[in-house]
Amino acid sequence: MKNEDYHEKIRTMLNDSAYRELTRDPTEAITRKTSALLKKSAETCRSLIPQAAVPPRLYGLPKVHKEGIPLRPIVNGINSPTYLLARYLSKLLTPLIGESNRAVKNSAEFVTTLKQRKLDIGDMLVSFDVVSLFTKVPIQESLSLIEEKLGEEIAPLFRHALTSNYFLYQGKFFERSY
């Protein structure tokens with residue numbers, strides 16, 4: 001893919017109403033808020049306070065198997081203001097994964113599950129291609145489930161991690177529109 005084609009695809013994606021451009025870098029403000037929330041939390045969370053945070057960066061991976069070679073947006077959040085917090089919170093969610101009988105770990109498990117399933121004549125397997133999953137996650141509903149499963153004490157940390165979604169692309173800052 002040509003460099004200009006790549007950047008044009010990213011710019012087109014960012015022109016969608018799912019994103020809005022920010023007028024300034026929010027890294028310092030989000031770092032301060034993250035630190036303040038963590039200082040109020042349990043002792044184990046104090047080690048998650050961000051040090052020398054950098055803005056998350058956006059890039060795109062070409063989906064070469066699809067017509068027009070669209071890009072899959074990837075936000076590299078390593079060393080961002082909420083990076084350590086998000087890693088910690090994901091570990092809290094891990095035990096809850098798989099509670100559904102519709103969850104699969106990976107494609108190999110999916111194939112094994114399909115091989116074990118007996119289908120009747122007329123049954124149909126349907127696959128859906130989710131477009132822009134990141135911008136479609138219902139934050140309020142997610143937070144309600146988290147609070148129900150993990151308690152209201154941890155909810156402010158999840159709320160912060162789920163709503164502090166910004167990134168840098170070619171010198172400009174963007175965030176998810178809500």
# chains A, B, ... in the order shown; residues from 1 in each chain; ligands from 1
>>> select_by_dssp(residues="range 4-175 of chain A", states="strand (DSSP E)", output="JSON, numbers by chain")
{"A": [19, 20, 21, 57, 58, 59, 60, 61, 62, 71, 72, 73, 74, 75, 76, 166, 167, 168, 169, 172, 173, 174, 175]}
>>> write_last_selection(atoms="N, CA and C atoms", output="PDB file, in the first residue's frame")
ATOM      1  N   TYR A  19     -15.320   9.787  16.096  1.00  0.00           N
ATOM      2  CA  TYR A  19     -14.121  10.426  16.652  1.00  0.00           C
ATOM      3  C   TYR A  19     -14.253  11.937  16.569  1.00  0.00           C
ATOM      4  N   ARG A  20     -13.597  12.609  17.494  1.00  0.00           N
ATOM      5  CA  ARG A  20     -13.534  14.065  17.397  1.00  0.00           C
ATOM      6  C   ARG A  20     -12.108  14.517  17.705  1.00  0.00           C
ATOM      7  N   GLU A  21     -11.706  15.563  17.004  1.00  0.00           N
ATOM      8  CA  GLU A  21     -10.359  16.092  17.202  1.00  0.00           C
ATOM      9  C   GLU A  21     -10.338  16.955  18.457  1.00  0.00           C
ATOM     10  N   ARG A  57      -0.776   6.102  20.591  1.00  0.00           N
ATOM     11  CA  ARG A  57      -0.594   6.405  19.180  1.00  0.00           C
ATOM     12  C   ARG A  57      -1.457   5.494  18.312  1.00  0.00           C
ATOM     13  N   LEU A  58      -2.048   6.068  17.282  1.00  0.00           N
ATOM     14  CA  LEU A  58      -2.901   5.330  16.352  1.00  0.00           C
ATOM     15  C   LEU A  58      -2.108   4.917  15.121  1.00  0.00           C
ATOM     16  N   TYR A  59      -2.327   3.688  14.700  1.00  0.00           N
ATOM     17  CA  TYR A  59      -1.854   3.238  13.393  1.00  0.00           C
ATOM     18  C   TYR A  59      -2.876   2.254  12.859  1.00  0.00           C
ATOM     19  N   GLY A  60      -2.736   1.857  11.615  1.00  0.00           N
ATOM     20  CA  GLY A  60      -3.697   0.941  11.026  1.00  0.00           C
ATOM     21  C   GLY A  60      -3.016  -0.263  10.413  1.00  0.00           C
ATOM     22  N   LEU A  61      -3.625  -1.426  10.588  1.00  0.00           N
ATOM     23  CA  LEU A  61      -3.148  -2.656   9.944  1.00  0.00           C
ATOM     24  C   LEU A  61      -4.044  -2.948   8.751  1.00  0.00           C
ATOM     25  N   PRO A  62      -3.453  -3.107   7.575  1.00  0.00           N
ATOM     26  CA  PRO A  62      -4.270  -3.385   6.391  1.00  0.00           C
ATOM     27  C   PRO A  62      -4.951  -4.750   6.484  1.00  0.00           C
ATOM     28  N   LEU A  71      -8.366  -0.504   6.685  1.00  0.00           N
ATOM     29  CA  LEU A  71      -7.416  -0.584   7.795  1.00  0.00           C
ATOM     30  C   LEU A  71      -8.132  -0.936   9.088  1.00  0.00           C
ATOM     31  N   ARG A  72      -7.495  -1.763   9.884  1.00  0.00           N
ATOM     32  CA  ARG A  72      -7.969  -2.054  11.235  1.00  0.00           C
ATOM     33  C   ARG A  72      -7.226  -1.077  12.156  1.00  0.00           C
ATOM     34  N   PRO A  73      -7.946  -0.177  12.811  1.00  0.00           N
ATOM     35  CA  PRO A  73      -7.258   0.783  13.684  1.00  0.00           C
ATOM     36  C   PRO A  73      -6.709   0.101  14.934  1.00  0.00           C
ATOM     37  N   ILE A  74      -5.474   0.425  15.252  1.00  0.00           N
ATOM     38  CA  ILE A  74      -4.806  -0.078  16.448  1.00  0.00           C
ATOM     39  C   ILE A  74      -4.308   1.130  17.230  1.00  0.00           C
ATOM     40  N   VAL A  75      -4.615   1.172  18.511  1.00  0.00           N
ATOM     41  CA  VAL A  75      -4.114   2.240  19.367  1.00  0.00           C
ATOM     42  C   VAL A  75      -3.086   1.622  20.302  1.00  0.00           C
ATOM     43  N   ASN A  76      -1.849   2.048  20.149  1.00  0.00           N
ATOM     44  CA  ASN A  76      -0.763   1.582  21.003  1.00  0.00           C
ATOM     45  C   ASN A  76      -0.770   2.438  22.264  1.00  0.00           C
ATOM     46  N   TYR A 166      -8.169   8.478  24.140  1.00  0.00           N
ATOM     47  CA  TYR A 166      -7.680   9.461  23.188  1.00  0.00           C
ATOM     48  C   TYR A 166      -6.430   8.875  22.542  1.00  0.00           C
ATOM     49  N   PHE A 167      -5.992   9.492  21.460  1.00  0.00           N
ATOM     50  CA  PHE A 167      -4.780   9.020  20.791  1.00  0.00           C
ATOM     51  C   PHE A 167      -4.218  10.136  19.920  1.00  0.00           C
ATOM     52  N   LEU A 168      -2.995   9.930  19.525  1.00  0.00           N
ATOM     53  CA  LEU A 168      -2.254  10.867  18.690  1.00  0.00           C
ATOM     54  C   LEU A 168      -2.086  10.266  17.304  1.00  0.00           C
ATOM     55  N   TYR A 169      -2.344  11.078  16.294  1.00  0.00           N
ATOM     56  CA  TYR A 169      -2.072  10.657  14.921  1.00  0.00           C
ATOM     57  C   TYR A 169      -1.579  11.870  14.141  1.00  0.00           C
ATOM     58  N   LYS A 172      -1.857  15.305  15.748  1.00  0.00           N
ATOM     59  CA  LYS A 172      -3.180  15.748  16.196  1.00  0.00           C
ATOM     60  C   LYS A 172      -3.742  14.741  17.182  1.00  0.00           C
ATOM     61  N   PHE A 173      -4.499  15.244  18.144  1.00  0.00           N
ATOM     62  CA  PHE A 173      -5.107  14.397  19.164  1.00  0.00           C
ATOM     63  C   PHE A 173      -6.588  14.198  18.853  1.00  0.00           C
ATOM     64  N   PHE A 174      -7.050  12.970  19.079  1.00  0.00           N
ATOM     65  CA  PHE A 174      -8.435  12.609  18.839  1.00  0.00           C
ATOM     66  C   PHE A 174      -8.945  11.806  20.036  1.00  0.00           C
ATOM     67  N   GLU A 175     -10.267  11.775  20.185  1.00  0.00           N
ATOM     68  CA  GLU A 175     -10.887  10.925  21.182  1.00  0.00           C
ATOM     69  C   GLU A 175     -12.166  10.338  20.609  1.00  0.00           C
TER      70      GLU A 175
END
>>> closest_atom_pairs(of="range 41-121 of chain A", to="range 152-163 of chain A", cutoff="9 Å", atoms="only C-alpha atoms", output="JSON lines")
{"residue": "A:Ser41", "atom": "CA", "partner": "A:Ile154", "partner_atom": "CA", "distance": 8.2}
{"residue": "A:Thr82", "atom": "CA", "partner": "A:Ala161", "partner_atom": "CA", "distance": 6.1}
{"residue": "A:Tyr83", "atom": "CA", "partner": "A:Ala161", "partner_atom": "CA", "distance": 8.6}
{"residue": "A:Leu85", "atom": "CA", "partner": "A:Ala161", "partner_atom": "CA", "distance": 7.2}
{"residue": "A:Ala86", "atom": "CA", "partner": "A:Ala161", "partner_atom": "CA", "distance": 6.2}
{"residue": "A:Leu89", "atom": "CA", "partner": "A:Phe158", "partner_atom": "CA", "distance": 7.1}
>>> select_by_dssp(residues="chain A", states="alpha helix (DSSP H)", output="NGL selection string")
:A and (3-14 or 27-40 or 83-93 or 107-116 or 133-136 or 139-150 or 155-163)
>>> atom_distance(atom1="CA of Asn106 in chain A", atom2="CA of Arg176 in chain A")
27.6 Å
>>> residues_around(residues="range 114-123 of chain A", least_positions_apart="4", cutoff="12 Å", atoms="only C-alpha atoms", output="ChimeraX atom specification")
/A:102,104,107-110
>>> closest_residue(among="A:Ile69, A:Pro81, A:Val126, A:Ile146", to="Lys33 in chain A", atoms="only C-alpha atoms")
A:Pro81
